Each structure stands twice: as C-alpha cells, then as structure tokens.
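Below is entry.txt, which holds compact mmCIF, C-alpha atoms.
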# COMPACT_ATOMS: atom_id res chain seq x y z
CA MET A 1 42.03 15.17 73.73
CA GLU A 2 42.57 13.33 70.48
CA PRO A 3 39.84 10.74 69.89
CA LEU A 4 40.97 7.15 70.28
CA THR A 5 39.72 3.59 69.89
CA LEU A 6 39.50 0.88 72.55
CA ILE A 7 39.19 -2.80 71.64
CA THR A 8 37.85 -5.65 73.78
CA ASP A 9 37.22 -9.32 73.07
CA ARG A 10 33.92 -8.67 71.29
CA LEU A 11 33.75 -4.91 70.80
CA VAL A 12 35.34 -1.91 69.14
CA LEU A 13 34.81 1.38 70.96
CA ARG A 14 35.53 4.18 68.51
CA PRO A 15 34.57 7.83 67.97
CA PHE A 16 31.19 8.36 66.34
CA GLU A 17 31.21 9.03 62.59
CA PRO A 18 28.65 10.73 60.31
CA SER A 19 27.79 7.33 58.86
CA ASP A 20 26.44 6.29 62.29
CA ALA A 21 23.48 8.69 62.08
CA ALA A 22 20.92 6.17 60.85
CA ALA A 23 21.86 3.57 63.47
CA VAL A 24 21.80 6.13 66.30
CA HIS A 25 18.44 7.44 65.13
CA ALA A 26 16.99 3.94 64.98
CA ALA A 27 18.31 3.05 68.43
CA CYS A 28 16.83 6.16 70.03
CA GLN A 29 13.33 5.34 68.81
CA GLU A 30 13.19 2.65 71.50
CA PRO A 31 11.27 4.26 74.41
CA ASP A 32 13.67 3.30 77.20
CA ILE A 33 16.52 5.42 75.82
CA PRO A 34 14.76 8.81 75.90
CA ARG A 35 12.99 7.75 79.10
CA TRP A 36 16.17 7.21 81.07
CA THR A 37 18.72 9.44 79.30
CA SER A 38 18.99 13.06 78.23
CA VAL A 39 18.55 12.49 74.49
CA PRO A 40 15.80 14.64 72.91
CA SER A 41 12.30 13.21 72.72
CA PRO A 42 11.03 12.74 70.10
CA TYR A 43 14.42 11.95 68.57
CA GLY A 44 14.66 12.91 64.93
CA LEU A 45 17.18 12.04 62.25
CA GLN A 46 18.52 15.60 62.45
CA ASP A 47 19.25 15.06 66.14
CA ALA A 48 21.29 12.00 65.26
CA GLU A 49 23.10 13.76 62.43
CA ARG A 50 23.98 16.65 64.72
CA PHE A 51 25.24 14.29 67.40
CA VAL A 52 27.48 12.15 65.19
CA GLY A 53 28.47 15.00 62.87
CA SER A 54 29.53 17.68 65.32
CA ALA A 55 28.55 17.26 68.97
CA SER A 56 30.55 14.10 69.56
CA SER A 57 33.75 15.41 67.97
CA GLU A 58 33.38 18.75 69.76
CA GLY A 59 33.22 16.91 73.06
CA TRP A 60 36.64 15.37 72.43
CA ARG A 61 38.10 18.62 71.14
CA ASP A 62 36.79 20.72 74.02
CA ASP A 63 37.47 18.12 76.73
CA THR A 64 33.82 18.12 77.81
CA THR A 65 32.72 14.61 76.75
CA TYR A 66 34.77 11.64 75.58
CA GLY A 67 32.18 9.62 73.71
CA PHE A 68 32.44 6.21 72.08
CA ALA A 69 30.30 4.34 69.61
CA VAL A 70 30.22 0.80 71.01
CA THR A 71 30.22 -1.54 68.01
CA ALA A 72 30.31 -5.31 67.58
CA LYS A 73 33.65 -6.57 66.38
CA ALA A 74 31.94 -9.34 64.41
CA ASP A 75 29.78 -7.21 62.12
CA GLY A 76 30.29 -3.55 63.03
CA SER A 77 26.71 -3.10 64.25
CA LEU A 78 26.00 -0.39 66.79
CA VAL A 79 25.67 -1.88 70.26
CA GLY A 80 25.33 1.39 72.13
CA ALA A 81 27.00 4.57 73.27
CA MET A 82 29.31 5.18 76.19
CA ALA A 83 31.02 8.32 77.40
CA LEU A 84 32.98 10.00 80.11
CA VAL A 85 31.05 13.17 80.92
CA ARG A 86 31.18 16.08 83.38
CA LEU A 87 34.90 16.48 82.78
CA ALA A 88 35.30 19.92 84.40
CA GLN A 89 37.09 18.28 87.33
CA LEU A 90 39.18 15.87 85.30
CA ARG A 91 42.32 18.00 85.35
CA THR A 92 41.76 19.67 88.72
CA PRO A 93 42.87 18.27 92.08
CA GLU A 94 39.52 16.44 92.26
CA ARG A 95 40.39 14.26 89.22
CA GLN A 96 36.80 13.13 88.74
CA ALA A 97 34.58 12.13 85.83
CA GLU A 98 31.23 10.43 85.29
CA LEU A 99 30.41 7.38 83.19
CA GLY A 100 27.25 7.32 81.08
CA TYR A 101 25.88 4.80 78.59
CA TRP A 102 22.93 3.42 76.67
CA THR A 103 22.48 0.13 74.84
CA THR A 104 20.40 -0.75 71.80
CA LYS A 105 17.43 -2.94 72.62
CA GLU A 106 18.56 -5.89 70.51
CA HIS A 107 21.97 -6.04 72.22
CA ARG A 108 20.84 -5.95 75.84
CA GLY A 109 21.35 -8.86 78.19
CA GLN A 110 24.54 -10.09 76.50
CA GLY A 111 27.14 -8.41 78.69
CA TYR A 112 28.28 -5.96 76.01
CA THR A 113 27.77 -2.82 78.09
CA VAL A 114 29.67 -4.25 81.06
CA GLU A 115 32.51 -5.28 78.74
CA ALA A 116 32.67 -1.82 77.20
CA ALA A 117 32.45 -0.07 80.56
CA ARG A 118 35.33 -2.06 81.99
CA ALA A 119 37.51 -0.96 79.08
CA VAL A 120 36.56 2.69 79.50
CA VAL A 121 37.04 2.80 83.25
CA ARG A 122 40.46 1.17 83.02
CA TRP A 123 41.46 3.72 80.40
CA ALA A 124 40.15 6.50 82.63
CA PHE A 125 42.14 5.30 85.63
CA ARG A 126 45.37 4.33 83.87
CA ASP A 127 45.70 6.95 81.16
CA LEU A 128 43.64 9.92 82.32
CA GLY A 129 44.53 9.76 86.00
CA VAL A 130 40.92 9.68 87.19
CA GLU A 131 40.79 9.07 90.94
CA ARG A 132 37.01 8.94 91.41
CA LEU A 133 34.57 7.87 88.73
CA GLU A 134 30.88 8.45 89.32
CA TRP A 135 27.75 6.84 87.91
CA LEU A 136 24.37 8.55 88.16
CA ALA A 137 20.97 7.40 86.94
CA GLU A 138 17.41 8.34 87.65
CA ALA A 139 16.10 6.29 90.56
CA GLY A 140 14.24 3.34 89.11
CA ASN A 141 16.67 2.69 86.23
CA HIS A 142 17.42 -0.85 87.37
CA GLY A 143 19.08 -1.86 84.10
CA SER A 144 21.71 0.86 84.33
CA ARG A 145 22.32 0.11 87.99
CA ALA A 146 22.79 -3.59 87.27
CA VAL A 147 25.50 -2.75 84.73
CA ALA A 148 27.21 -0.36 87.16
CA ARG A 149 27.25 -2.97 89.91
CA LYS A 150 28.78 -5.58 87.60
CA VAL A 151 31.51 -3.13 86.61
CA GLY A 152 32.30 -2.61 90.30
CA PHE A 153 30.59 0.65 91.21
CA ARG A 154 29.59 0.90 94.85
CA MET A 155 26.15 2.37 95.40
CA GLU A 156 26.27 5.41 97.65
CA GLY A 157 22.62 6.37 97.95
CA THR A 158 19.86 8.51 96.49
CA LEU A 159 20.23 12.21 95.68
CA ARG A 160 16.90 13.99 96.03
CA ALA A 161 15.75 16.17 93.12
CA ARG A 162 19.18 15.83 91.51
CA LEU A 163 18.00 15.35 87.92
CA LEU A 164 15.80 17.50 85.74
CA HIS A 165 13.90 15.43 83.17
CA GLU A 166 11.08 16.75 81.00
CA GLY A 167 10.52 19.70 83.30
CA THR A 168 10.35 17.63 86.48
CA ARG A 169 12.94 17.17 89.20
CA ARG A 170 13.68 13.51 89.84
CA ASP A 171 15.67 11.60 92.43
CA CYS A 172 18.76 9.81 91.20
CA TRP A 173 20.98 6.99 92.34
CA ILE A 174 24.72 7.58 92.64
CA GLY A 175 27.64 5.18 92.75
CA SER A 176 31.38 5.53 92.65
CA LEU A 177 34.36 3.54 91.47
CA LEU A 178 37.95 4.06 92.62
CA PRO A 179 41.12 2.71 91.00
CA SER A 180 41.68 0.52 94.05
CA ASP A 181 38.29 -1.16 93.47
CA LEU A 182 39.54 -2.89 90.33
CA PRO A 183 42.22 -5.58 90.26
CA GLU A 184 44.97 -4.83 87.80
CA PRO A 185 45.28 -7.30 84.92
CA PRO A 186 48.51 -9.35 84.96
CA GLY A 187 51.38 -7.32 83.55
CA ALA A 188 49.42 -4.05 83.46
CA ALA A 189 51.00 -0.85 84.69
CA ARG A 190 49.07 2.23 85.74
CA THR A 191 50.58 5.23 83.98
CA ALA A 192 49.32 7.53 86.72
CA ALA A 193 51.12 5.59 89.49
CA GLY A 194 53.28 7.75 91.72
CA ASP A 195 51.13 10.83 91.11
CA THR A 196 47.95 10.03 93.01
CA THR A 197 46.26 11.84 95.85
CA PRO A 198 46.33 9.93 99.15
CA TYR A 199 42.95 8.61 100.24
CA LEU A 200 41.96 8.54 103.92
CA PRO A 201 38.65 6.67 104.20
CA TYR A 202 36.43 7.30 107.20
CA PRO A 203 36.86 4.37 109.60
CA GLY A 204 33.34 4.48 111.05

Represent the structure from my file as structure tokens, please.
Amino acid sequence: MEPLTLITDRLVLRPFEPSDAAAVHAACQEPDIPRWTSVPSPYGLQDAERFVGSASSEGWRDDTTYGFAVTAKADGSLVGAMALVRLAQLRTPERQAELGYWTTKEHRGQGYTVEAARAVVRWAFRDLGVERLEWLAEAGNHGSRAVARKVGFRMEGTLRARLLHEGTRRDCWIGSLLPSDLPEPPGAARTAAGDTTPYLPYPG
C-alpha cells in the first residue's frame, strides 16, 4: 500500500516522517502511553527514531500496519498516532482489521482522536473493503473505550488473558464496527459496494 494522507476539519493524518522523532519521543514519556499501549518502556529517542524512520514506512510497504501521524491542521503539532493493525486478514475472505491509537496528553479531551478515527474507519470501509473492524484495549483503559464508543464501536465483552504486557497476561475489552453501523455522508459512495459478503446476524 502506498502511504496516503487523510484530512478532516481540524486535522491532517499523514505518514510519519523522520522529523517527527522528537515529538513522538516527548509524547511517549507521558506514563499513560506505555502503560496502555505496546510502545517500549522506558521509551528512548532511538525508539522514536526507529519508529518514524523505518518501522512506520515498512508497515505500509509490507501491508502489516497502516500508521498515521495525527497532526493539528492549525500548527502542525503532533496530536497522536493512529493505525490499522493486524492486517493479515485484510485481503482474505474475513476482510478484517484492528484500529489502534494514542493521544498526546495536551491534546486529550478535545475530540481530536474521535475525529481522526472516524476518518480512518471510513477510509477502511470505503477504500479497503474492510467488513469488520475491531478495537481492543486492556481492560481498565476507560479513555480508549470512550473514544471507541463515540466512533460507533459496539462493545462485545472481555477476553480473558488476551494481552501480554510486561510479562503478565491481562484481560482486554473488545469491540467491533461494521460498515452498516455508520451512516454514509450525503453524496458519498462506497467503492466496495457490490462486492461485500452477506451478513446473517443471529436473531436471538
């Protein structure tokens, strides 16, 4: 997949660049990011340089992770990171992916992550043909779950011992989002229409 840029009212979602290393490093010093995500802890400048310099671009090239730097349109500051991950089933009959994200401390509570997520999920459904998008977070990550709910994810329960974090198995929450869960904007056309797998929900 060739990297691309998505634009919303307040944000620019673009591929990470080497110049983002300092901002990513600074963001990941805030304890909540290593606590609730898989970034290394402690998080050094070399970790950030590796991420923005090679890991992010390799994810696009290898179709393993489609990652975006979420930046403010007004001043270009880093708001957070967002990605489609676990893409092994993206181009199989399952047509699934997972949405992950983190937000810098100073930009939380302003609706930026919800705004960015809505842009990414619509792109995933319309352009990539995703038919089921999942969200997972360690149980107790109420901030991430609040964002997922606002985007439209339906909570499906708790998976026991699903995550491995710092050598310990942890429970995680899981939610899902289907194309039919989101209303289409006026005049929008889904590029994947006509080539979707029928869905037969359980009536019970």

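The two atoms in question, CA of Val39 in chain A and CA of His25 in chain A, are spaced 10.6 Å apart.
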
Item checked: Between CA of Leu136 in chain A and CA of Ser176 in chain A - distance in Å to one decimal ->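 Taking CA of Ser176 in chain A and CA of Leu136 in chain A, their separation equals 8.9 Å.
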
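In terms of minimum interatomic distance to Leu163 in chain A, A:Ala137 ranks closest within A:Lys150, A:Ser19, A:Asp47, A:Ala137, counting only C-alpha atoms.
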
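Residues in contact with Gly140 in chain A at 10 Å, where all atoms listed in the file are counted and same-chain residues fewer than 2 positions away are skipped, are listed as Trp36, Ala137, Glu138, His142, Gly143, Ser144, Arg145, Asp171, Cys172 and Trp173 of chain A.
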
Margin query: Given the point (41.9, 14.9, 83.4) in the coordinates of this file, which residues lie within 6 Å, counting only C-alpha atoms, and how would they look as a PyMOL selection string?
Written below: chain A and resi 90-91+128

Residues from the last selection, C-alpha atoms, saved as a PDB file, in the coordinates of the input:
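Writing done, so here's selection.pdb:
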ATOM      1  CA  LEU A  90      39.180  15.870  85.300  1.00  0.00           C
ATOM      2  CA  ARG A  91      42.320  18.000  85.350  1.00  0.00           C
ATOM      3  CA  LEU A 128      43.640   9.920  82.320  1.00  0.00           C
TER       4      LEU A 128
END

If I only have part of range 148-165 of chain A, can you fill in N, CA and C atoms and write it as a PDB file, keeping the file's coordinate frame?
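Listed below is the output, out.pdb:
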ATOM      1  N   ALA A 148      26.233  -1.032  86.300  1.00  0.00           N
ATOM      2  CA  ALA A 148      27.210  -0.360  87.160  1.00  0.00           C
ATOM      3  C   ALA A 148      27.719  -1.291  88.254  1.00  0.00           C
ATOM      4  N   ARG A 149      26.832  -2.048  88.859  1.00  0.00           N
ATOM      5  CA  ARG A 149      27.250  -2.970  89.910  1.00  0.00           C
ATOM      6  C   ARG A 149      28.199  -4.036  89.367  1.00  0.00           C
ATOM      7  N   LYS A 150      27.922  -4.555  88.177  1.00  0.00           N
ATOM      8  CA  LYS A 150      28.780  -5.580  87.600  1.00  0.00           C
ATOM      9  C   LYS A 150      30.155  -5.028  87.264  1.00  0.00           C
ATOM     10  N   VAL A 151      30.217  -3.762  86.912  1.00  0.00           N
ATOM     11  CA  VAL A 151      31.510  -3.130  86.610  1.00  0.00           C
ATOM     12  C   VAL A 151      32.314  -2.935  87.899  1.00  0.00           C
ATOM     13  N   GLY A 152      31.613  -2.791  89.027  1.00  0.00           N
ATOM     14  CA  GLY A 152      32.300  -2.610  90.300  1.00  0.00           C
ATOM     15  C   GLY A 152      31.922  -1.361  91.064  1.00  0.00           C
ATOM     16  N   PHE A 153      31.012  -0.560  90.505  1.00  0.00           N
ATOM     17  CA  PHE A 153      30.590   0.650  91.210  1.00  0.00           C
ATOM     18  C   PHE A 153      29.922   0.282  92.530  1.00  0.00           C
ATOM     19  N   ARG A 154      30.232   1.061  93.555  1.00  0.00           N
ATOM     20  CA  ARG A 154      29.590   0.900  94.850  1.00  0.00           C
ATOM     21  C   ARG A 154      28.478   1.942  94.969  1.00  0.00           C
ATOM     22  N   MET A 155      27.286   1.462  95.274  1.00  0.00           N
ATOM     23  CA  MET A 155      26.150   2.370  95.400  1.00  0.00           C
ATOM     24  C   MET A 155      26.282   3.204  96.669  1.00  0.00           C
ATOM     25  N   GLU A 156      26.074   4.497  96.523  1.00  0.00           N
ATOM     26  CA  GLU A 156      26.270   5.410  97.650  1.00  0.00           C
ATOM     27  C   GLU A 156      24.975   6.035  98.158  1.00  0.00           C
ATOM     28  N   GLY A 157      23.875   5.858  97.436  1.00  0.00           N
ATOM     29  CA  GLY A 157      22.620   6.370  97.950  1.00  0.00           C
ATOM     30  C   GLY A 157      21.776   7.041  96.889  1.00  0.00           C
ATOM     31  N   THR A 158      20.800   7.807  97.348  1.00  0.00           N
ATOM     32  CA  THR A 158      19.860   8.510  96.490  1.00  0.00           C
ATOM     33  C   THR A 158      20.003  10.010  96.710  1.00  0.00           C
ATOM     34  N   LEU A 159      20.153  10.751  95.624  1.00  0.00           N
ATOM     35  CA  LEU A 159      20.230  12.210  95.680  1.00  0.00           C
ATOM     36  C   LEU A 159      18.854  12.765  95.330  1.00  0.00           C
ATOM     37  N   ARG A 160      18.260  13.479  96.249  1.00  0.00           N
ATOM     38  CA  ARG A 160      16.900  13.990  96.030  1.00  0.00           C
ATOM     39  C   ARG A 160      16.905  15.141  95.033  1.00  0.00           C
ATOM     40  N   ALA A 161      15.971  15.093  94.095  1.00  0.00           N
ATOM     41  CA  ALA A 161      15.750  16.170  93.120  1.00  0.00           C
ATOM     42  C   ALA A 161      17.013  16.528  92.352  1.00  0.00           C
ATOM     43  N   ARG A 162      17.885  15.563  92.145  1.00  0.00           N
ATOM     44  CA  ARG A 162      19.180  15.830  91.510  1.00  0.00           C
ATOM     45  C   ARG A 162      19.067  16.020  90.009  1.00  0.00           C
ATOM     46  N   LEU A 163      18.116  15.308  89.375  1.00  0.00           N
ATOM     47  CA  LEU A 163      18.000  15.350  87.920  1.00  0.00           C
ATOM     48  C   LEU A 163      16.778  16.139  87.494  1.00  0.00           C
ATOM     49  N   LEU A 164      16.921  16.816  86.362  1.00  0.00           N
ATOM     50  CA  LEU A 164      15.800  17.500  85.740  1.00  0.00           C
ATOM     51  C   LEU A 164      15.479  16.780  84.446  1.00  0.00           C
ATOM     52  N   HIS A 165      14.281  16.199  84.351  1.00  0.00           N
ATOM     53  CA  HIS A 165      13.900  15.430  83.170  1.00  0.00           C
ATOM     54  C   HIS A 165      12.488  15.825  82.767  1.00  0.00           C
TER      55      HIS A 165
END
